[in-house]
$ cat entry-v3.cif   # mmCIF, C-alpha atoms (C1' of nucleotides)
data_work
loop_
_atom_site.label_atom_id
_atom_site.label_comp_id
_atom_site.auth_asym_id
_atom_site.auth_seq_id
_atom_site.Cartn_x
_atom_site.Cartn_y
_atom_site.Cartn_z
CA MET A 1453 106.07 82.24 82.10
CA GLU A 1454 105.75 85.93 81.91
CA SER A 1455 103.79 87.01 84.93
CA THR A 1456 101.49 89.65 83.62
CA ALA A 1457 99.09 88.59 86.38
CA PRO A 1458 101.02 88.86 89.62
CA GLN A 1459 97.97 88.43 91.86
CA SER A 1460 98.31 87.60 95.48
CA PRO A 1461 98.77 83.98 96.48
CA ALA A 1462 95.50 82.08 96.77
CA GLY A 1463 96.20 81.23 100.37
CA LEU A 1464 96.13 84.89 101.14
CA ARG A 1465 93.54 85.91 98.58
CA THR A 1466 90.87 83.76 100.18
CA SER A 1467 91.80 84.49 103.75
CA PRO A 1468 89.38 86.81 105.52
CA THR A 1469 92.11 88.39 107.61
CA TRP A 1470 94.03 89.23 104.48
CA LEU A 1471 90.96 90.55 102.72
CA LEU A 1472 90.03 92.55 105.76
CA ASN A 1473 93.43 94.12 106.00
CA GLN A 1474 93.62 94.87 102.30
CA ALA A 1475 90.17 96.39 102.23
CA ALA A 1476 90.90 98.41 105.32
CA ALA A 1477 94.20 99.56 103.91
CA HIS A 1478 92.42 100.68 100.79
CA ALA A 1479 89.79 102.47 102.80
CA THR A 1480 92.47 104.14 104.88
CA ARG A 1481 94.26 105.29 101.76
CA LEU A 1482 91.10 106.78 100.32
CA LEU A 1483 90.29 108.42 103.63
CA SER A 1484 93.77 109.82 104.00
CA ASP A 1485 93.51 111.36 100.57
CA GLY A 1486 90.18 112.85 101.51
CA PHE A 1487 91.41 114.13 104.84
CA ALA A 1488 94.48 115.65 103.24
CA ALA A 1489 92.24 118.27 101.65
CA HIS A 1490 91.34 119.34 105.19
CA ASP A 1491 94.95 119.08 106.31
CA LEU A 1492 93.85 116.70 109.04
CA ARG A 1493 94.18 113.01 109.78
CA GLY A 1494 92.04 110.13 110.94
CA TYR A 1495 92.49 110.82 114.62
CA HIS A 1496 91.27 114.37 114.14
CA TYR A 1497 88.20 113.27 112.30
CA ARG A 1498 87.25 110.72 114.90
CA LEU A 1499 87.51 113.28 117.65
CA LEU A 1500 85.58 115.93 115.78
CA ALA A 1501 82.86 113.43 114.90
CA ALA A 1502 82.56 112.27 118.48
CA LEU A 1503 82.33 115.84 119.74
CA ALA A 1504 79.84 116.84 117.08
CA GLU A 1505 77.64 113.92 117.96
CA ASP A 1506 77.77 113.67 121.71
CA GLY A 1507 78.88 117.10 122.77
CA PRO A 1508 81.79 118.13 124.99
CA ALA A 1509 83.74 115.42 126.73
CA SER A 1510 86.90 114.78 128.66
CA GLN A 1511 89.97 113.59 126.83
CA ALA A 1512 89.84 110.18 128.46
CA ASP A 1513 86.23 109.80 127.42
CA LEU A 1514 87.01 110.82 123.88
CA GLY A 1515 89.81 108.33 123.78
CA ARG A 1516 87.56 105.52 124.92
CA ARG A 1517 84.86 106.41 122.48
CA CYS A 1518 87.16 106.78 119.52
CA GLY A 1519 89.48 103.93 120.31
CA ILE A 1520 92.42 106.29 120.65
CA ASP A 1521 95.02 106.04 123.36
CA ARG A 1522 94.98 108.79 125.99
CA SER A 1523 98.44 109.90 125.03
CA ASP A 1524 97.48 110.18 121.37
CA VAL A 1525 94.38 112.14 122.27
CA VAL A 1526 96.62 114.75 123.87
CA ALA A 1527 98.53 115.36 120.67
CA ALA A 1528 95.46 115.34 118.46
CA VAL A 1529 93.62 117.76 120.73
CA ASN A 1530 96.69 119.97 120.71
CA ASP A 1531 96.50 120.09 116.94
CA LEU A 1532 92.79 120.77 116.88
CA ALA A 1533 93.04 123.44 119.57
CA GLY A 1534 95.93 125.05 117.71
CA ARG A 1535 93.68 125.28 114.68
CA GLY A 1536 90.87 126.73 116.71
CA LEU A 1537 88.58 123.78 116.04
CA VAL A 1538 88.18 122.79 119.68
CA VAL A 1539 88.62 124.43 123.05
CA ARG A 1540 90.33 122.77 125.99
CA ALA A 1541 89.11 123.97 129.36
CA PRO A 1542 89.65 122.58 132.83
CA ASP A 1543 86.59 120.83 134.23
CA PRO A 1544 85.48 122.83 137.28
CA ALA A 1545 83.69 119.77 138.64
CA ASP A 1546 86.76 117.56 138.43
CA ARG A 1547 90.10 119.23 138.30
CA ARG A 1548 91.76 116.15 136.89
CA ARG A 1549 89.85 116.54 133.67
CA ASN A 1550 89.78 118.83 130.70
CA VAL A 1551 86.55 119.49 128.91
CA ILE A 1552 86.97 119.52 125.17
CA SER A 1553 84.35 121.42 123.20
CA LEU A 1554 83.85 122.11 119.53
CA THR A 1555 84.14 125.70 118.39
CA ASP A 1556 81.86 126.92 115.62
CA ALA A 1557 84.72 126.46 113.20
CA GLY A 1558 85.20 122.99 114.58
CA ALA A 1559 81.56 122.12 114.05
CA ASP A 1560 81.81 123.35 110.47
CA GLU A 1561 84.92 121.33 109.88
CA ALA A 1562 83.31 118.25 111.39
CA HIS A 1563 80.43 118.66 109.00
CA ARG A 1564 82.68 119.11 106.01
CA MET A 1565 84.77 116.12 106.95
CA GLY A 1566 81.60 114.11 107.33
CA ASP A 1567 80.76 114.96 103.74
CA THR A 1568 84.21 113.92 102.65
CA VAL A 1569 83.88 110.61 104.46
CA GLY A 1570 80.51 110.05 102.83
CA ARG A 1571 82.01 110.60 99.41
CA VAL A 1572 84.91 108.29 100.12
CA GLN A 1573 82.51 105.69 101.38
CA ASN A 1574 80.51 105.80 98.20
CA ASP A 1575 83.67 105.41 96.22
CA LEU A 1576 84.84 102.52 98.32
CA LEU A 1577 81.53 100.68 98.22
CA ALA A 1578 80.80 101.46 94.60
CA PRO A 1579 80.84 97.80 93.52
CA LEU A 1580 78.27 96.79 96.12
CA SER A 1581 74.52 97.17 96.01
CA THR A 1582 72.71 98.82 98.87
CA ALA A 1583 71.66 95.45 100.22
CA GLU A 1584 75.20 94.21 100.04
CA ARG A 1585 76.50 97.25 101.84
CA ASP A 1586 74.06 96.59 104.63
CA GLN A 1587 75.13 92.98 104.69
CA LEU A 1588 78.75 93.96 104.99
CA THR A 1589 77.98 96.48 107.69
CA ARG A 1590 76.01 93.95 109.64
CA LEU A 1591 78.66 91.27 109.42
CA LEU A 1592 81.41 93.62 110.53
CA SER A 1593 79.27 94.95 113.35
CA ARG A 1594 78.64 91.45 114.59
CA LEU A 1595 82.34 90.78 114.48
CA LEU A 1596 83.24 93.84 116.48
CA GLU A 1597 80.40 93.42 118.91
CA HIS A 1598 81.58 89.94 119.67
CA HIS A 1599 85.13 90.99 120.31
CA ALA A 1600 83.69 93.79 122.37
CA ARG A 1601 86.23 93.63 125.08
CA ARG A 1602 87.51 97.17 125.17
CA MET B 481 75.79 110.66 133.59
CA GLU B 482 78.20 107.95 134.45
CA SER B 483 79.49 106.56 131.24
CA THR B 484 79.65 102.87 131.81
CA ALA B 485 78.87 102.52 128.13
CA PRO B 486 81.29 104.74 126.26
CA GLN B 487 80.56 103.26 122.83
CA SER B 488 81.75 104.88 119.69
CA PRO B 489 79.64 107.64 118.15
CA ALA B 490 76.83 106.32 116.00
CA GLY B 491 78.13 108.20 112.98
CA LEU B 492 81.25 106.12 113.18
CA ARG B 493 79.71 102.93 114.45
CA THR B 494 77.57 102.53 111.35
CA SER B 495 80.17 103.65 108.88
CA PRO B 496 81.64 100.83 106.82
CA THR B 497 85.03 102.46 106.64
CA TRP B 498 85.13 102.70 110.42
CA LEU B 499 83.95 99.13 110.84
CA LEU B 500 86.43 97.94 108.27
CA ASN B 501 89.29 99.64 110.01
CA GLN B 502 88.27 98.47 113.44
CA ALA B 503 87.81 94.91 112.31
CA ALA B 504 91.11 94.98 110.46
CA ALA B 505 92.84 96.48 113.46
CA HIS B 506 91.47 93.71 115.58
CA ALA B 507 92.56 91.10 113.07
CA THR B 508 96.00 92.64 112.91
CA ARG B 509 96.29 92.56 116.67
CA LEU B 510 95.33 88.91 116.81
CA LEU B 511 97.70 88.12 113.98
CA SER B 512 100.55 90.01 115.59
CA ASP B 513 100.05 88.06 118.77
CA GLY B 514 100.08 84.84 116.80
CA PHE B 515 103.12 85.83 114.78
CA ALA B 516 104.97 86.85 117.90
CA ALA B 517 105.24 83.17 118.86
CA HIS B 518 107.25 82.73 115.67
CA ASP B 519 109.22 85.90 116.29
CA LEU B 520 108.13 87.14 112.89
CA ARG B 521 105.78 89.81 111.56
CA GLY B 522 103.12 90.21 108.92
CA TYR B 523 105.52 91.00 106.12
CA HIS B 524 107.45 87.84 106.80
CA TYR B 525 104.37 85.71 106.72
CA ARG B 526 103.15 87.15 103.47
CA LEU B 527 106.47 86.48 101.81
CA LEU B 528 106.76 82.96 103.14
CA ALA B 529 103.20 82.18 102.09
CA ALA B 530 103.79 83.52 98.61
CA LEU B 531 106.98 81.51 98.23
CA ALA B 532 105.39 78.36 99.60
CA GLU B 533 102.55 78.65 97.18
CA ASP B 534 104.09 79.82 93.95
CA GLY B 535 107.71 78.86 94.35
CA PRO B 536 110.83 81.01 94.01
CA ALA B 537 110.43 84.54 92.77
CA SER B 538 112.28 87.80 92.40
CA GLN B 539 111.95 90.40 95.12
CA ALA B 540 110.03 92.75 92.88
CA ASP B 541 107.60 89.97 92.04
CA LEU B 542 107.15 89.10 95.67
CA GLY B 543 106.50 92.70 96.46
CA ARG B 544 103.83 92.97 93.81
CA ARG B 545 102.15 89.78 94.87
CA CYS B 546 102.19 90.57 98.56
CA GLY B 547 101.45 94.26 98.28
CA ILE B 548 104.75 95.16 99.88
CA ASP B 549 106.99 97.95 98.70
CA ARG B 550 110.25 96.91 97.05
CA SER B 551 112.27 98.61 99.72
CA ASP B 552 110.39 96.82 102.47
CA VAL B 553 110.86 93.50 100.73
CA VAL B 554 114.60 94.03 100.97
CA ALA B 555 114.50 94.34 104.75
CA ALA B 556 112.08 91.46 105.24
CA VAL B 557 114.09 89.16 102.99
CA ASN B 558 117.19 90.16 104.92
CA ASP B 559 115.49 89.03 108.11
CA LEU B 560 114.27 85.78 106.61
CA ALA B 561 117.63 85.04 105.03
CA GLY B 562 119.37 85.80 108.31
CA ARG B 563 117.14 83.22 109.95
CA GLY B 564 117.88 80.68 107.25
CA LEU B 565 114.27 80.57 106.09
CA VAL B 566 114.96 81.75 102.56
CA VAL B 567 117.93 81.94 100.23
CA ARG B 568 118.77 84.93 98.09
CA ALA B 569 120.63 84.11 94.91
CA PRO B 570 121.38 86.20 91.83
CA ASP B 571 119.25 85.27 88.83
CA PRO B 572 121.61 83.99 86.15
CA ALA B 573 119.05 84.80 83.47
CA ASP B 574 118.69 88.41 84.54
CA ARG B 575 121.46 89.89 86.56
CA ARG B 576 119.26 92.66 87.86
CA ARG B 577 117.23 90.21 89.85
CA ASN B 578 117.61 88.03 92.89
CA VAL B 579 115.82 84.74 93.10
CA ILE B 580 114.36 84.13 96.53
CA SER B 581 113.72 80.51 97.46
CA LEU B 582 112.37 78.82 100.54
CA THR B 583 114.72 76.61 102.47
CA ASP B 584 113.37 73.47 104.10
CA ALA B 585 113.25 75.32 107.37
CA GLY B 586 111.42 78.13 105.63
CA ALA B 587 108.84 75.75 104.21
CA ASP B 588 108.30 74.35 107.68
CA GLU B 589 107.93 77.78 109.15
CA ALA B 590 105.51 78.78 106.40
CA HIS B 591 103.43 75.75 107.24
CA ARG B 592 103.46 76.47 110.95
CA MET B 593 102.55 80.09 110.41
CA GLY B 594 99.74 78.98 108.16
CA ASP B 595 98.38 76.96 111.06
CA THR B 596 98.68 79.95 113.33
CA VAL B 597 96.82 82.12 110.86
CA GLY B 598 94.12 79.50 110.60
CA ARG B 599 93.68 79.48 114.33
CA VAL B 600 93.56 83.25 114.51
CA GLN B 601 91.04 83.28 111.73
CA ASN B 602 88.77 80.90 113.57
CA ASP B 603 89.01 83.07 116.61
CA LEU B 604 88.28 86.22 114.68
CA LEU B 605 85.33 84.76 112.80
CA ALA B 606 83.95 82.87 115.76
CA PRO B 607 80.68 84.83 115.85
CA LEU B 608 79.92 84.11 112.19
CA SER B 609 78.44 80.98 110.66
CA THR B 610 80.16 79.30 107.77
CA ALA B 611 77.73 80.83 105.34
CA GLU B 612 78.32 84.25 106.82
CA ARG B 613 82.05 83.84 106.59
CA ASP B 614 81.69 83.04 102.93
CA GLN B 615 79.46 86.03 102.50
CA LEU B 616 82.00 88.29 104.13
CA THR B 617 84.79 86.83 102.07
CA ARG B 618 82.84 87.31 98.89
CA LEU B 619 81.92 90.89 99.64
CA LEU B 620 85.47 91.84 100.51
CA SER B 621 86.79 90.08 97.43
CA ARG B 622 84.40 92.01 95.23
CA LEU B 623 85.54 95.21 96.87
CA LEU B 624 89.19 94.52 96.31
CA GLU B 625 88.69 93.19 92.83
CA HIS B 626 86.90 96.36 91.84
CA HIS B 627 89.62 98.61 93.17
CA ALA B 628 92.11 96.38 91.46
CA ARG B 629 94.16 99.22 90.17
CA ARG B 630 97.53 98.64 91.68
"C1'" DT C 28 125.10 99.44 67.19
"C1'" DT C 29 124.30 102.99 70.11
"C1'" DC C 30 120.95 105.35 72.82
"C1'" DT C 31 117.22 105.58 75.82
"C1'" DG C 32 114.01 104.21 78.97
"C1'" DA C 33 112.50 100.82 82.06
"C1'" DA C 34 112.98 97.47 85.75
"C1'" DC C 35 115.69 95.82 89.61
"C1'" DG C 36 117.75 95.90 94.30
"C1'" DT C 37 119.24 98.92 97.79
"C1'" DT C 38 119.66 102.85 101.01
"C1'" DG C 39 117.52 106.11 103.81
"C1'" DG C 40 113.77 108.64 105.22
"C1'" DT C 41 108.62 110.01 106.34
"C1'" DG C 42 104.12 109.59 108.39
"C1'" DG C 43 100.05 107.47 110.43
"C1'" DC C 44 98.23 104.41 113.71
"C1'" DA C 45 98.39 101.74 117.87
"C1'" DC C 46 100.39 100.90 122.15
"C1'" DC C 47 103.11 101.14 126.69
"C1'" DA C 48 105.52 102.93 130.88
"C1'" DA C 49 106.01 106.52 133.99
"C1'" DC C 50 105.02 110.71 136.47
"C1'" DG C 51 102.54 114.23 139.22
"C1'" DT C 52 97.88 115.75 140.23
"C1'" DT C 53 93.31 115.02 141.77
"C1'" DG C 54 89.19 112.44 143.39
"C1'" DG C 55 86.61 108.92 145.76
"C1'" DC C 56 86.27 105.40 149.21
"C1'" DG C 57 87.27 102.43 153.01
"C1'" DC D 1222 93.72 109.74 156.90
"C1'" DG D 1223 95.49 106.60 153.62
"C1'" DC D 1224 95.06 104.13 149.62
"C1'" DC D 1225 93.88 103.32 145.05
"C1'" DA D 1226 91.99 104.77 140.67
"C1'" DA D 1227 91.50 107.98 137.09
"C1'" DC D 1228 93.29 111.93 134.54
"C1'" DG D 1229 96.46 114.49 131.46
"C1'" DT D 1230 101.03 114.58 129.87
"C1'" DT D 1231 105.69 113.23 128.28
"C1'" DG D 1232 108.46 110.27 125.76
"C1'" DG D 1233 109.26 106.20 123.46
"C1'" DT D 1234 108.36 101.73 120.50
"C1'" DG D 1235 106.80 98.95 116.62
"C1'" DC D 1236 104.41 97.84 112.41
"C1'" DC D 1237 102.87 99.09 108.10
"C1'" DA D 1238 102.80 101.84 103.98
"C1'" DC D 1239 105.03 104.86 101.01
"C1'" DC D 1240 108.50 107.87 98.46
"C1'" DA D 1241 112.91 109.62 96.41
"C1'" DA D 1242 117.28 108.60 94.77
"C1'" DC D 1243 121.14 105.88 93.14
"C1'" DG D 1244 123.84 102.57 90.35
"C1'" DT D 1245 123.27 98.33 87.73
"C1'" DT D 1246 121.31 95.68 84.11
"C1'" DC D 1247 118.26 94.74 80.36
"C1'" DA D 1248 115.43 95.48 76.15
"C1'" DG D 1249 113.59 97.97 72.50
"C1'" DA D 1250 113.95 102.07 69.30
"C1'" DA D 1251 116.53 105.00 66.50
#

$ encode --input "entry-v3.cif" --output "structure tokens"
Amino acid sequence: MESTAPQSPAGLRTSPTWLLNQAAAHATRLLSDGFAAHDLRGYHYRLLAALAEDGPASQADLGRRCGIDRSDVVAAVNDLAGRGLVVRAPDPADRRRNVISLTDAGADEAHRMGDTVGRVQNDLLAPLSTAERDQLTRLLSRLLEHHARR
Amino acid sequence: MESTAPQSPAGLRTSPTWLLNQAAAHATRLLSDGFAAHDLRGYHYRLLAALAEDGPASQADLGRRCGIDRSDVVAAVNDLAGRGLVVRAPDPADRRRNVISLTDAGADEAHRMGDTVGRVQNDLLAPLSTAERDQLTRLLSRLLEHHARR
DNA sequence: TTCTGAACGTTGGTGGCACCAACGTTGGCG
DNA sequence: CGCCAACGTTGGTGCCACCAACGTTCAGAA
């Protein structure tokens, strides 16, 4: 009767939502550890990655692209600007907007964080073959694409 | 230049960790909505499910099985006990422990929440065939099993 | 048997992520 | 011109995950 094998209940263990959440939680933990070395968090990475890839953008646009609420973008951009990784400038063409741009330091940081994410990803997906990783990616993409309201 | 298609940056969109988190976030949102009808949250469901499946257990055991911190188990069990869904009794065989048991009402609620989760799951996995769902489940299981240090 | 270390339940606190309501400003359109 | 929508910002909420500390209780070693 000694439970040396606690294990989650089968009803949960075989439930995709549970598995999804557990896997995501694990990924988040690994990512957080990785990001900690940069003294930044997930929100920061998403923003930097978006800027590095698509160039300067307004805060609202960044929020939409990264799935971050406008109000949270404000705080994250504050952090990044305070660190000199991005610059916030009023948009001359639309005075409601700010244009957020990467600084050189920001571009460097984005690159470094990309490396970190790559390493974490390898760690996370270690047990899967390349084909299986693609499979997983495809399945998740289909899922998200379907629930694409947003 | 009008962005009618914001879309996440490709670097994120193809990254398994990003996909995992987005999919999990979506699942969590659906689950939360479902749980809201029961006026309960994820922690509560996990505990009820574990109790329904494996019978009475100590709080520490529940925490290990459900991946919930001991301190959080305390609060969740308080809620459940306050609602009359579980009973907390000292373990006569080990006075350090409490034995948590489902009440009849708790068993009912566990069953109803199970139905809710099933419905949410169908909704979430709607775009995937049965074979694909199995595939996804298997891949995620492998992932979690591998990182089974806990 | 006594000592020591571990496990347990509990309290209280932290941080990240996601989300919402409200406000004043600005822009576009009827 | 007047209205509505979008923008940035402030402030707040909730869930989940996690950590440190404490006193109690148990079990194994000295």

$ resolve_selection --input "entry-v3.cif" --expression "the PyMOL selection byres ((chain C) within 8 of (chain B))" --output "PyMOL selection string"
chain C and resi 35-37

$ atom_distance --input "entry-v3.cif" --atom1 "CA of Val597 (chain B)" --atom2 "C1' of DG43 (chain C)"
25.6 Å

$ calpha_fit_and_write --input "entry-v3.cif" --fixed "chain A" --moving "chain B" --output "short mmCIF file (atom, residue, chain, number, x, y, z; two decimals) with C-alpha atoms, in the coordinates of the input"
data_model
loop_
_atom_site.label_atom_id
_atom_site.label_comp_id
_atom_site.auth_asym_id
_atom_site.auth_seq_id
_atom_site.Cartn_x
_atom_site.Cartn_y
_atom_site.Cartn_z
CA MET B 481 106.34 82.66 82.33
CA GLU B 482 105.78 86.33 82.03
CA SER B 483 103.85 87.41 85.03
CA THR B 484 101.37 89.88 83.72
CA ALA B 485 99.07 88.64 86.44
CA PRO B 486 101.02 88.72 89.68
CA GLN B 487 97.99 88.26 91.93
CA SER B 488 98.33 87.46 95.56
CA PRO B 489 98.76 83.83 96.60
CA ALA B 490 95.48 81.98 96.86
CA GLY B 491 96.14 81.14 100.49
CA LEU B 492 96.08 84.82 101.23
CA ARG B 493 93.52 85.86 98.67
CA THR B 494 90.82 83.74 100.27
CA SER B 495 91.74 84.48 103.83
CA PRO B 496 89.32 86.82 105.58
CA THR B 497 92.04 88.39 107.66
CA TRP B 498 94.00 89.20 104.52
CA LEU B 499 90.93 90.55 102.76
CA LEU B 500 89.99 92.56 105.80
CA ASN B 501 93.39 94.13 106.01
CA GLN B 502 93.60 94.85 102.32
CA ALA B 503 90.16 96.38 102.22
CA ALA B 504 90.89 98.43 105.32
CA ALA B 505 94.19 99.54 103.88
CA HIS B 506 92.42 100.65 100.77
CA ALA B 507 89.79 102.47 102.79
CA THR B 508 92.47 104.14 104.85
CA ARG B 509 94.26 105.29 101.73
CA LEU B 510 91.10 106.78 100.30
CA LEU B 511 90.30 108.41 103.61
CA SER B 512 93.79 109.82 103.97
CA ASP B 513 93.52 111.35 100.54
CA GLY B 514 90.18 112.85 101.46
CA PHE B 515 91.41 114.11 104.81
CA ALA B 516 94.47 115.64 103.21
CA ALA B 517 92.23 118.28 101.62
CA HIS B 518 91.36 119.34 105.16
CA ASP B 519 94.96 119.09 106.28
CA LEU B 520 93.85 116.72 109.01
CA ARG B 521 94.20 113.01 109.74
CA GLY B 522 92.08 110.12 110.90
CA TYR B 523 92.50 110.83 114.58
CA HIS B 524 91.29 114.36 114.11
CA TYR B 525 88.22 113.27 112.27
CA ARG B 526 87.27 110.72 114.86
CA LEU B 527 87.53 113.27 117.62
CA LEU B 528 85.59 115.92 115.76
CA ALA B 529 82.88 113.42 114.86
CA ALA B 530 82.58 112.26 118.44
CA LEU B 531 82.35 115.82 119.72
CA ALA B 532 79.84 116.81 117.06
CA GLU B 533 77.65 113.90 117.93
CA ASP B 534 77.78 113.63 121.68
CA GLY B 535 78.89 117.07 122.74
CA PRO B 536 81.81 118.08 124.96
CA ALA B 537 83.75 115.36 126.70
CA SER B 538 86.91 114.73 128.64
CA GLN B 539 89.98 113.55 126.79
CA ALA B 540 89.87 110.15 128.41
CA ASP B 541 86.25 109.77 127.37
CA LEU B 542 87.04 110.79 123.83
CA GLY B 543 89.84 108.31 123.73
CA ARG B 544 87.61 105.49 124.87
CA ARG B 545 84.89 106.37 122.43
CA CYS B 546 87.19 106.78 119.47
CA GLY B 547 89.54 103.94 120.27
CA ILE B 548 92.47 106.29 120.60
CA ASP B 549 95.09 106.05 123.30
CA ARG B 550 95.04 108.79 125.94
CA SER B 551 98.48 109.93 124.97
CA ASP B 552 97.51 110.21 121.33
CA VAL B 553 94.40 112.16 122.23
CA VAL B 554 96.64 114.75 123.84
CA ALA B 555 98.55 115.37 120.62
CA ALA B 556 95.47 115.36 118.41
CA VAL B 557 93.61 117.76 120.69
CA ASN B 558 96.68 119.98 120.68
CA ASP B 559 96.50 120.10 116.90
CA LEU B 560 92.78 120.77 116.85
CA ALA B 561 93.04 123.42 119.54
CA GLY B 562 95.91 125.05 117.69
CA ARG B 563 93.67 125.28 114.65
CA GLY B 564 90.84 126.75 116.69
CA LEU B 565 88.57 123.78 116.03
CA VAL B 566 88.17 122.78 119.66
CA VAL B 567 88.62 124.40 123.05
CA ARG B 568 90.31 122.74 125.99
CA ALA B 569 89.09 123.92 129.36
CA PRO B 570 89.62 122.52 132.85
CA ASP B 571 86.56 120.75 134.24
CA PRO B 572 85.45 122.71 137.30
CA ALA B 573 83.67 119.64 138.64
CA ASP B 574 86.74 117.44 138.43
CA ARG B 575 90.06 119.14 138.31
CA ARG B 576 91.75 116.09 136.87
CA ARG B 577 89.86 116.48 133.65
CA ASN B 578 89.76 118.78 130.68
CA VAL B 579 86.53 119.44 128.90
CA ILE B 580 86.96 119.49 125.15
CA SER B 581 84.33 121.39 123.18
CA LEU B 582 83.83 122.09 119.52
CA THR B 583 84.11 125.67 118.39
CA ASP B 584 81.84 126.90 115.62
CA ALA B 585 84.69 126.46 113.20
CA GLY B 586 85.19 122.96 114.55
CA ALA B 587 81.54 122.09 114.03
CA ASP B 588 81.81 123.33 110.47
CA GLU B 589 84.93 121.32 109.87
CA ALA B 590 83.32 118.23 111.38
CA HIS B 591 80.44 118.66 108.99
CA ARG B 592 82.69 119.11 105.99
CA MET B 593 84.79 116.11 106.92
CA GLY B 594 81.62 114.11 107.31
CA ASP B 595 80.78 114.96 103.72
CA THR B 596 84.23 113.92 102.63
CA VAL B 597 83.90 110.62 104.44
CA GLY B 598 80.55 110.07 102.81
CA ARG B 599 82.03 110.61 99.40
CA VAL B 600 84.93 108.29 100.10
CA GLN B 601 82.52 105.70 101.36
CA ASN B 602 80.51 105.82 98.18
CA ASP B 603 83.66 105.41 96.20
CA LEU B 604 84.84 102.51 98.29
CA LEU B 605 81.51 100.69 98.22
CA ALA B 606 80.79 101.46 94.60
CA PRO B 607 80.82 97.80 93.52
CA LEU B 608 78.25 96.81 96.15
CA SER B 609 74.49 97.20 96.04
CA THR B 610 72.68 98.85 98.89
CA ALA B 611 71.62 95.51 100.25
CA GLU B 612 75.17 94.25 100.07
CA ARG B 613 76.47 97.30 101.85
CA ASP B 614 74.02 96.65 104.64
CA GLN B 615 75.08 93.05 104.73
CA LEU B 616 78.71 94.01 105.02
CA THR B 617 77.94 96.54 107.70
CA ARG B 618 75.96 94.02 109.66
CA LEU B 619 78.61 91.34 109.47
CA LEU B 620 81.36 93.69 110.56
CA SER B 621 79.22 95.04 113.37
CA ARG B 622 78.59 91.54 114.65
CA LEU B 623 82.30 90.87 114.53
CA LEU B 624 83.19 93.95 116.49
CA GLU B 625 80.36 93.56 118.93
CA HIS B 626 81.50 90.05 119.74
CA HIS B 627 85.07 91.09 120.37
CA ALA B 628 83.74 93.93 122.42
CA ARG B 629 86.26 93.50 125.15
CA ARG B 630 88.06 96.77 125.23
#

$ residues_around --input "entry-v3.cif" --residues "DC56 (chain C)" --least-positions-apart "5" --cutoff "12 Å" --atoms "all atoms listed in the file" --output "VMD selection string"
chain D and resid 1222 to 1226

$ interface_residues --input "entry-v3.cif" --of "chain D" --to "chain A" --cutoff "9 Å" --atoms "all atoms listed in the file" --output "ChimeraX atom specification"
/D:1227-1231,1238

$ residues_around --input "entry-v3.cif" --residues "Leu527 (chain B)" --least-positions-apart "4" --cutoff "12 Å" --atoms "all atoms listed in the file" --output "PyMOL selection string"
(chain A and resi 1460-1461+1463-1464) or (chain B and resi 520-523+531-549+552-561+565-566+580-582+586-587+589-590+593-594)

$ residues_around --input "entry-v3.cif" --residues "region 614-624 of chain B" --least-positions-apart "6" --cutoff "12 Å" --atoms "only C-alpha atoms (C1' of nucleotides)" --output "ChimeraX atom specification"
/A:1459-1460,1462,1464-1479,1573-1581,1583-1595 /B:496,500,504,605,608,630

$ atom_distance --input "entry-v3.cif" --atom1 "CA of Gly1536 (chain A)" --atom2 "C1' of DT53 (chain C)"
27.8 Å

$ resolve_selection --input "entry-v3.cif" --expression "the PyMOL selection byres ((chain C and resi 49) around 10)" --output "PyMOL selection string"
(chain C and resi 47-48+50-51) or (chain D and resi 1231-1232)

$ atom_distance --input "entry-v3.cif" --atom1 "CA of Val579 (chain B)" --atom2 "CA of Val567 (chain B)"
7.9 Å

$ closest_residue --input "entry-v3.cif" --among "B:Arg592, B:Pro570, B:Ser512, B:His627" --to "chain A" --atoms "only C-alpha atoms"
B:His627

$ closest_residue --input "entry-v3.cif" --among "A:Arg1571, A:Arg1498, A:Arg1540, A:His1563" --to "chain B" --atoms "only C-alpha atoms"
A:Arg1498

$ closest_residue --input "entry-v3.cif" --among "A:Val1572, A:Ala1557, A:Ala1545, A:Ala1489" --to "chain B" --atoms "only C-alpha atoms"
A:Val1572

$ axis_aligned_box --input "entry-v3.cif" --around "region 574-592 of chain B" --padding-each-side "8 Å" --output "AutoDock Vina command-line options"
--center_x 112.4 --center_y 83.1 --center_z 97.7 --size_x 34.0 --size_y 35.2 --size_z 42.4

$ resolve_selection --input "entry-v3.cif" --expression "the PyMOL selection byres ((chain C and resi 28) around 12)" --output "PyMOL selection string"
(chain C and resi 29-30) or (chain D and resi 1250-1251)

$ residues_near_point --input "entry-v3.cif" --point "(113.5, 95.0, 72.1)" --cutoff "12 Å" --atoms "all atoms listed in the file" --output "list of chain:residue names"
C:DT31, C:DG32, C:DA33, D:DC1247, D:DA1248, D:DG1249, D:DA1250, D:DA1251

$ closest_residue --input "entry-v3.cif" --among "B:Ala516, B:Asp571, B:His524, B:Ala530" --to "chain A" --atoms "only C-alpha atoms"
B:Ala530
